[in-house]
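Student: Data: start_36.txt, compact mmCIF, C-alpha atoms.
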# COMPACT_ATOMS: atom_id res chain seq x y z
CA MET A 81 3.93 13.04 -17.73
CA ARG A 82 4.85 10.00 -19.84
CA TRP A 83 1.91 7.97 -21.14
CA THR A 84 2.22 4.44 -22.51
CA LEU A 85 -0.51 2.87 -24.64
CA LEU A 86 -1.02 -0.88 -24.21
CA VAL A 87 -3.42 -2.62 -26.61
CA GLU A 88 -4.20 -6.32 -26.04
CA PRO A 89 -6.83 -7.65 -28.47
CA ALA A 90 -6.14 -11.34 -27.82
CA GLY A 91 -7.53 -11.33 -24.29
CA ARG A 92 -6.34 -12.67 -20.94
CA PRO A 93 -8.00 -14.57 -18.07
CA GLY A 94 -9.82 -12.37 -15.59
CA TRP A 95 -7.29 -12.89 -12.79
CA GLN A 96 -4.43 -11.83 -15.07
CA ASN A 97 -6.31 -8.79 -16.34
CA MET A 98 -6.89 -7.60 -12.78
CA ALA A 99 -3.28 -8.35 -11.83
CA MET A 100 -2.11 -6.30 -14.81
CA ASP A 101 -4.29 -3.35 -13.87
CA GLN A 102 -3.08 -3.52 -10.27
CA ALA A 103 0.51 -3.66 -11.56
CA LEU A 104 -0.01 -0.52 -13.65
CA LEU A 105 -1.35 1.21 -10.55
CA ASP A 106 1.84 0.15 -8.74
CA LEU A 107 3.98 1.63 -11.51
CA ALA A 108 1.97 4.86 -11.48
CA ALA A 109 2.43 5.12 -7.72
CA GLY A 110 6.09 4.13 -7.65
CA GLU A 111 7.45 5.73 -10.82
CA GLY A 112 4.96 8.48 -11.66
CA ARG A 113 4.20 6.94 -15.05
CA ALA A 114 0.80 6.83 -16.74
CA PHE A 115 -0.85 4.09 -18.80
CA LEU A 116 -3.88 3.53 -20.98
CA ARG A 117 -4.55 -0.16 -21.43
CA LEU A 118 -7.20 -1.47 -23.86
CA TYR A 119 -7.92 -5.19 -23.59
CA ARG A 120 -10.29 -8.16 -23.72
CA TRP A 121 -11.17 -11.18 -21.55
CA ASN A 122 -10.51 -14.80 -22.44
CA PRO A 123 -12.45 -16.68 -21.18
CA SER A 124 -15.48 -14.50 -20.51
CA THR A 125 -15.60 -13.68 -16.81
CA LEU A 126 -18.01 -12.47 -14.14
CA SER A 127 -16.32 -9.83 -12.00
CA PHE A 128 -17.37 -8.45 -8.61
CA GLY A 129 -16.56 -5.05 -7.16
CA ARG A 130 -13.97 -4.85 -4.40
CA ASN A 131 -16.50 -4.49 -1.58
CA GLU A 132 -19.57 -6.01 -3.23
CA PRO A 133 -21.41 -8.58 -1.04
CA ALA A 134 -21.13 -11.32 -3.68
CA LEU A 135 -21.82 -14.19 -1.27
CA ARG A 136 -25.20 -12.70 -0.41
CA ARG A 137 -26.10 -11.33 -3.83
CA TYR A 138 -25.09 -14.13 -6.22
CA ASP A 139 -25.75 -17.87 -6.38
CA ARG A 140 -22.31 -19.45 -6.15
CA ALA A 141 -23.65 -22.93 -6.91
CA ALA A 142 -25.33 -21.67 -10.09
CA ILE A 143 -22.11 -19.95 -11.14
CA ALA A 144 -20.21 -23.21 -10.66
CA ARG A 145 -22.87 -25.22 -12.48
CA LEU A 146 -22.65 -22.86 -15.47
CA GLY A 147 -18.86 -23.07 -15.41
CA LEU A 148 -18.40 -19.31 -15.21
CA ALA A 149 -14.99 -17.83 -14.49
CA THR A 150 -15.07 -15.28 -11.67
CA VAL A 151 -12.75 -12.63 -10.28
CA ARG A 152 -12.97 -9.78 -7.79
CA ARG A 153 -11.75 -6.42 -9.06
CA PRO A 154 -9.36 -4.17 -7.11
CA THR A 155 -11.84 -1.33 -7.73
CA GLY A 156 -15.36 -0.88 -6.36
CA GLY A 157 -18.73 -1.06 -8.04
CA ARG A 158 -21.01 -3.97 -8.84
CA ALA A 159 -20.98 -7.13 -10.96
CA VAL A 160 -20.12 -7.09 -14.66
CA TRP A 161 -20.20 -9.90 -17.24
CA HIS A 162 -17.07 -9.41 -19.37
CA ALA A 163 -17.58 -11.01 -22.78
CA GLU A 164 -17.96 -9.08 -26.03
CA GLU A 165 -16.48 -5.81 -24.89
CA LEU A 166 -13.45 -3.55 -24.91
CA THR A 167 -12.14 -2.92 -21.42
CA TYR A 168 -10.12 0.20 -20.75
CA ALA A 169 -7.83 0.88 -17.80
CA VAL A 170 -6.23 4.20 -16.90
CA ALA A 171 -3.45 4.21 -14.30
CA ALA A 172 -1.72 7.50 -13.49
CA PRO A 173 -0.62 9.78 -10.66
CA ALA A 174 -3.75 10.87 -8.79
CA ASP A 175 -3.33 14.56 -9.56
CA THR A 176 -3.35 13.99 -13.34
CA PHE A 177 -7.07 14.69 -13.68
CA GLY A 178 -7.90 16.34 -10.34
CA SER A 179 -10.24 14.93 -7.71
CA LEU A 180 -11.87 11.51 -7.97
CA PRO A 181 -15.15 12.93 -9.41
CA GLN A 182 -13.21 15.18 -11.79
CA ALA A 183 -11.09 12.28 -13.04
CA TYR A 184 -14.11 10.02 -13.42
CA ARG A 185 -15.91 12.61 -15.48
CA LEU A 186 -12.93 13.65 -17.62
CA ILE A 187 -12.09 10.06 -18.53
CA HIS A 188 -15.72 9.41 -19.42
CA GLU A 189 -15.84 12.60 -21.48
CA THR A 190 -12.85 11.26 -23.42
CA LEU A 191 -14.65 7.96 -24.02
CA ALA A 192 -17.74 9.85 -25.20
CA VAL A 193 -15.60 11.83 -27.66
CA ALA A 194 -14.17 8.57 -28.99
CA LEU A 195 -17.61 7.01 -29.38
CA ARG A 196 -19.02 10.07 -31.12
CA ALA A 197 -16.13 9.79 -33.60
CA LEU A 198 -17.56 6.34 -34.40
CA GLY A 199 -21.00 7.82 -35.01
CA VAL A 200 -22.45 6.96 -31.60
CA PRO A 201 -24.56 9.72 -29.94
CA ALA A 202 -22.89 9.32 -26.55
CA SER A 203 -23.52 11.60 -23.57
CA LEU A 204 -22.85 11.53 -19.81
CA ALA A 205 -25.48 10.54 -17.25
CA SER A 206 -26.70 13.04 -14.70
CA PRO A 207 -26.28 12.11 -11.02
CA PRO A 208 -29.35 10.24 -9.68
CA ALA A 209 -31.41 11.57 -6.79
CA ARG A 210 -29.75 8.97 -4.57
CA GLY A 211 -26.92 6.51 -5.16
CA SER A 212 -27.35 2.77 -5.64
CA ALA A 213 -26.27 0.44 -2.84
CA LEU A 214 -23.53 -2.12 -3.44
CA ASP A 215 -26.06 -4.94 -3.15
CA ALA A 216 -28.35 -3.38 -5.75
CA GLY A 217 -27.20 -5.84 -8.44
CA ALA A 218 -25.38 -5.49 -11.73
CA CYS A 219 -23.17 -2.56 -12.70
CA PHE A 220 -25.34 -2.01 -15.77
CA ALA A 221 -28.60 -2.06 -13.79
CA SER A 222 -28.61 1.73 -13.39
CA PRO A 223 -26.34 4.74 -13.87
CA ALA A 224 -24.67 6.21 -10.79
CA GLY A 225 -23.97 9.52 -12.54
CA GLY A 226 -21.33 10.50 -15.08
CA GLU A 227 -21.32 7.22 -17.05
CA VAL A 228 -21.45 7.14 -20.83
CA MET A 229 -25.04 6.76 -22.00
CA VAL A 230 -26.74 6.37 -25.36
CA ARG A 231 -30.46 7.13 -25.67
CA GLY A 232 -30.98 6.67 -21.94
CA ARG A 233 -29.13 3.35 -21.68
CA LYS A 234 -25.71 2.66 -20.21
CA LEU A 235 -22.91 1.85 -22.67
CA VAL A 236 -19.88 2.14 -20.36
CA GLY A 237 -19.59 1.07 -16.73
CA SER A 238 -16.52 2.08 -14.70
CA ALA A 239 -14.99 2.11 -11.23
CA GLN A 240 -12.00 3.90 -9.72
CA LEU A 241 -9.47 3.17 -6.98
CA ARG A 242 -7.01 5.62 -5.43
CA GLU A 243 -4.06 4.60 -3.29
CA ARG A 244 -0.46 5.68 -2.67
CA GLY A 245 -0.94 8.88 -4.67
CA ALA A 246 -2.13 7.13 -7.85
CA LEU A 247 -5.41 6.20 -9.48
CA LEU A 248 -6.73 3.21 -11.38
CA GLN A 249 -9.95 3.60 -13.34
CA HIS A 250 -11.16 0.81 -15.55
CA GLY A 251 -14.42 -0.09 -17.19
CA SER A 252 -16.32 -1.92 -19.91
CA ILE A 253 -17.35 -0.55 -23.29
CA LEU A 254 -20.01 -3.02 -24.43
CA LEU A 255 -19.50 -4.03 -28.06
CA GLU A 256 -22.11 -6.79 -28.40
CA GLY A 257 -23.89 -9.38 -26.28
CA THR A 258 -25.83 -8.88 -23.08
CA GLN A 259 -25.43 -8.57 -19.31
CA SER A 260 -28.17 -11.17 -18.77
CA VAL A 261 -25.70 -13.61 -17.19
CA VAL A 262 -25.64 -11.41 -14.09
CA ALA A 263 -29.42 -11.77 -13.75
CA GLU A 264 -29.20 -15.55 -14.26
CA VAL A 265 -26.95 -15.98 -11.22
CA THR A 266 -28.51 -13.35 -8.97
CA SER A 267 -30.14 -14.61 -5.79
CA GLY A 268 -33.68 -13.27 -5.56
CA PRO A 269 -35.26 -10.90 -8.07
CA PRO A 270 -32.91 -10.17 -10.98
CA PRO A 271 -31.64 -6.61 -11.39
CA PRO A 272 -32.94 -4.53 -14.29
CA ASP A 273 -30.70 -4.37 -17.34
CA GLN A 274 -30.25 -0.77 -18.48
CA SER A 275 -27.31 -1.55 -20.76
CA THR A 276 -26.90 -1.12 -24.49
CA THR A 277 -24.15 -2.15 -26.90
CA LEU A 278 -22.34 -0.53 -29.79
CA ALA A 279 -23.73 -3.14 -32.17
CA SER A 280 -27.31 -2.39 -31.17
CA VAL A 281 -26.76 1.37 -31.47
CA VAL A 282 -25.12 1.41 -34.91
CA GLY A 283 -26.89 -1.65 -36.30
CA SER A 284 -23.82 -3.78 -36.97
CA PRO A 285 -20.76 -5.09 -35.09
CA VAL A 286 -18.01 -2.56 -34.37
CA PRO A 287 -14.53 -4.17 -34.35
CA PHE A 288 -12.40 -4.00 -31.23
CA ALA A 289 -9.61 -2.38 -33.26
CA ASP A 290 -11.85 0.47 -34.39
CA VAL A 291 -12.96 1.28 -30.84
CA ALA A 292 -9.41 0.97 -29.49
CA GLY A 293 -8.15 3.34 -32.16
CA ALA A 294 -10.84 5.92 -31.41
CA VAL A 295 -10.18 5.78 -27.65
CA ALA A 296 -6.42 6.06 -28.11
CA THR A 297 -6.85 9.07 -30.41
CA ALA A 298 -9.21 10.87 -28.02
CA ALA A 299 -6.91 10.21 -25.05
CA ARG A 300 -4.03 12.05 -26.70
CA ALA A 301 -5.71 15.25 -25.51
CA TRP A 302 -4.65 14.35 -21.95
CA PRO A 303 -1.62 16.24 -20.58
CA GLY A 304 1.77 14.65 -21.26
CA ARG A 305 3.61 12.91 -24.06
CA TRP A 306 2.68 9.55 -25.52
CA GLU A 307 4.70 6.52 -26.51
CA GLU A 308 3.72 3.15 -27.89
CA GLU A 309 4.44 0.11 -25.78
CA ASP A 310 7.76 -1.63 -26.23
CA ALA A 311 9.08 -5.00 -25.13
CA GLY A 312 10.66 -3.49 -22.03
CA THR A 313 7.43 -1.87 -20.86
CA ARG A 314 5.41 -5.04 -21.41
CA ALA A 315 8.00 -7.15 -19.57
CA LEU A 316 7.98 -4.67 -16.68
CA ALA A 317 4.18 -4.76 -16.47
CA LEU A 318 4.02 -8.56 -16.64
CA ALA A 319 6.67 -8.90 -13.95
CA ALA A 320 4.75 -6.52 -11.71
CA ALA A 321 1.50 -8.36 -12.45
CA ALA A 322 3.04 -11.66 -11.34
CA LEU A 323 3.26 -10.23 -7.82
CA HIS A 324 -0.54 -9.96 -7.70
CA ALA A 325 -1.49 -13.14 -9.58
CA GLY A 326 -2.02 -15.18 -6.42
CA GLN A 327 -4.48 -12.72 -4.94
CA PHE A 328 -6.72 -12.53 -8.00
CA GLN A 329 -6.70 -16.32 -8.49
CA ASP A 330 -7.59 -16.95 -4.84
CA ASP A 331 -11.20 -17.98 -4.14
CA ALA A 332 -10.79 -16.54 -0.65
CA TRP A 333 -10.36 -13.08 -2.25
CA THR A 334 -13.05 -13.57 -4.90
CA TRP A 335 -15.60 -14.75 -2.34
CA ARG A 336 -14.35 -12.79 0.65
CA ARG A 337 -17.80 -11.32 1.29
Rewrite the structure of this file - the entire thing - as structure tokens.
Tutor:
Amino acid sequence: MRWTLLVEPAGRPGWQNMAMDQALLDLAAGEGRAFLRLYRWNPSTLSFGRNEPALRRYDRAAIARLGLATVRRPTGGRAVWHAEELTYAVAAPADTFGSLPQAYRLIHETLAVALRALGVPASLASPPARGSALDAGACFASPAGGEVMVRGRKLVGSAQLRERGALLQHGSILLEGTQSVVAEVTSGPPPPDQSTTLASVVGSPVPFADVAGAVATAARAWPGRWEEEDAGTRALALAAAALHAGQFQDDAWTWRR
């Protein structure tokens, strides 16, 4: 297994971030390669899960009035406000970590190891008595089981997609800020906010570079050999992402349900 680390601190628009993640999934499926991508969003963006009923759950007019960028993710789950965070994406052959639940848990265990190296008392959530429905509101409204928690609050929210023998799992590690934007544009009663941030846990801002370094170090325990990105890899990923740009910029996809 050949892993490539991609670190992008400058940030990209939401549609391009999702196109890049989809492109890495394509490369994992077609070439058997594996990637860990650590990135940001510019501008801040509200994302919806692949099958989330966004038209029913969120006020599209309010979103437009506030000038919020939106995108629909290729993965499932519920809405996330991407602002002051580090987003991770893992794309690899599906058998790298085992079954979907096994992969979800192992990747989150790696993130917890990284956060503990930064002095954060991170642990994994236990499965709830029953799962949350897709129309239950924000991703950070409640844990679904296995997410990274700190003192009973959710620090990392993730979702996974499997297709063509490969997996894509990506999620948000909240550095600062709040998920309150999701509540502001929710139709009906706002969802509870069970999130926390690194800044609130440690009492001061934690730089993106520090978190990226800790995650990259912890991930080197995964099977395979690691290489830093090079110009050829980035060009390959960007070319593959261009094939998906239209989909993730299309309002018909973003607001398909």
Student: Applying 12 Å and only C-alpha atoms, which residues near Arg314 in chain A remain after dropping the ones on its own chain fewer than 2 positions away? List them as number ranges by chain.
Tutor: A: 84-88, 100, 103-104, 115, 117, 308-312, 316-321
Student: Compare A:Arg120, A:Leu107, A:Ser275, A:Arg152 by their minimum atom-to-atom distance to Asp330 in chain A, counting all atoms listed in the file, and give me the closest one.
Tutor: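 Among the listed residues, A:Arg152 lies closest to Asp330 in chain A.
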Student: Could you give me, as a PyMOL selection string, the residues that have an atom at most 10 Å away from the point (-31.8, -8.3, -18.0) in the coordinates of the file, using only C-alpha atoms?
Tutor: chain A and resi 218+220-221+258-264+270-275
Student: Output the selection as a PDB file, in the frame of the given file - C-alpha atoms for each residue.
Tutor:
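Written output follows (out-v2.pdb):
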ATOM      1  CA  ALA A 218     -25.380  -5.490 -11.730  1.00  0.00           C
ATOM      2  CA  PHE A 220     -25.340  -2.010 -15.770  1.00  0.00           C
ATOM      3  CA  ALA A 221     -28.600  -2.060 -13.790  1.00  0.00           C
ATOM      4  CA  THR A 258     -25.830  -8.880 -23.080  1.00  0.00           C
ATOM      5  CA  GLN A 259     -25.430  -8.570 -19.310  1.00  0.00           C
ATOM      6  CA  SER A 260     -28.170 -11.170 -18.770  1.00  0.00           C
ATOM      7  CA  VAL A 261     -25.700 -13.610 -17.190  1.00  0.00           C
ATOM      8  CA  VAL A 262     -25.640 -11.410 -14.090  1.00  0.00           C
ATOM      9  CA  ALA A 263     -29.420 -11.770 -13.750  1.00  0.00           C
ATOM     10  CA  GLU A 264     -29.200 -15.550 -14.260  1.00  0.00           C
ATOM     11  CA  PRO A 270     -32.910 -10.170 -10.980  1.00  0.00           C
ATOM     12  CA  PRO A 271     -31.640  -6.610 -11.390  1.00  0.00           C
ATOM     13  CA  PRO A 272     -32.940  -4.530 -14.290  1.00  0.00           C
ATOM     14  CA  ASP A 273     -30.700  -4.370 -17.340  1.00  0.00           C
ATOM     15  CA  GLN A 274     -30.250  -0.770 -18.480  1.00  0.00           C
ATOM     16  CA  SER A 275     -27.310  -1.550 -20.760  1.00  0.00           C
TER      17      SER A 275
END
Student: For CA of Gln240 in chain A and CA of Gln102 in chain A, determine how far apart the two atoms are, in Å to one decimal place.
Tutor: 11.6 Å
Student: Extract, using all atoms listed in the file, all DNA, RNA and protein residues at most 6 Å from range 131-144 of chain A, discarding same-chain residues fewer than 6 positions from it, and format them as a PyMOL selection string.
Tutor: chain A and resi 214+265-267+337
Student: To one decimal place in Å, what is the distance between CA of Gly91 in chain A and CA of Leu323 in chain A?
Tutor: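 According to the coordinates, CA of Gly91 in chain A and CA of Leu323 in chain A are separated by 19.7 Å.
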Student: Of the candidates A:Ala289, A:Val200, A:Ala279, A:Leu254, which one gets nearest to Val160 in chain A if we count all atoms listed in the file?
Tutor: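 Between A:Ala289, A:Val200, A:Ala279, A:Leu254, the residue approaching Val160 in chain A most closely is A:Leu254.
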Student: Can I get the residues of range 295-322 of chain A within 12 Å of range 169-190 of chain A, each with the closest pair of atoms and their distance in Å to one decimal, using all atoms listed in the file, sorted chain first then ascending number, as JSON lines?
Tutor:
{"residue": "A:Val295", "atom": "CA", "partner": "A:Thr190", "partner_atom": "CA", "distance": 7.4}
{"residue": "A:Ala296", "atom": "CA", "partner": "A:Thr190", "partner_atom": "CA", "distance": 9.5}
{"residue": "A:Thr297", "atom": "CA", "partner": "A:Thr190", "partner_atom": "CA", "distance": 9.5}
{"residue": "A:Ala298", "atom": "CA", "partner": "A:Thr190", "partner_atom": "CA", "distance": 5.9}
{"residue": "A:Ala299", "atom": "CA", "partner": "A:Thr190", "partner_atom": "CA", "distance": 6.2}
{"residue": "A:Arg300", "atom": "CA", "partner": "A:Thr190", "partner_atom": "CA", "distance": 9.4}
{"residue": "A:Ala301", "atom": "CA", "partner": "A:Thr190", "partner_atom": "CA", "distance": 8.4}
{"residue": "A:Trp302", "atom": "CA", "partner": "A:Phe177", "partner_atom": "CA", "distance": 8.6}
{"residue": "A:Pro303", "atom": "CA", "partner": "A:Thr176", "partner_atom": "CA", "distance": 7.8}
{"residue": "A:Gly304", "atom": "CA", "partner": "A:Thr176", "partner_atom": "CA", "distance": 9.5}
{"residue": "A:Ala317", "atom": "CA", "partner": "A:Ala171", "partner_atom": "CA", "distance": 12.0}
Student: Near Arg242 in chain A, within 9 Å and counting only C-alpha atoms, which residues show up once chain neighbours fewer than 3 positions away are dropped, as a VMD selection string?
Tutor: chain A and resid 105 155 174 180 245 to 249
Student: Could you write those residues out with C-alpha atoms, as a short mmCIF file (atom, residue, chain, number, x, y, z; two decimals), in the frame of the given file?
Tutor:
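Final file, selection_22.cif:
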data_model
loop_
_atom_site.label_atom_id
_atom_site.label_comp_id
_atom_site.auth_asym_id
_atom_site.auth_seq_id
_atom_site.Cartn_x
_atom_site.Cartn_y
_atom_site.Cartn_z
CA LEU A 105 -1.35 1.21 -10.55
CA THR A 155 -11.84 -1.33 -7.73
CA ALA A 174 -3.75 10.87 -8.79
CA LEU A 180 -11.87 11.51 -7.97
CA GLY A 245 -0.94 8.88 -4.67
CA ALA A 246 -2.13 7.13 -7.85
CA LEU A 247 -5.41 6.20 -9.48
CA LEU A 248 -6.73 3.21 -11.38
CA GLN A 249 -9.95 3.60 -13.34
#
Student: Write out as a VMD selection string which residues come within 12 Å of Asp290 in chain A when counting all atoms listed in the file, dropping same-chain ones fewer than 4 positions away.
Tutor: chain A and resid 87 89 118 166 194 to 195 197 to 199 255 278 285 to 286 294 to 297
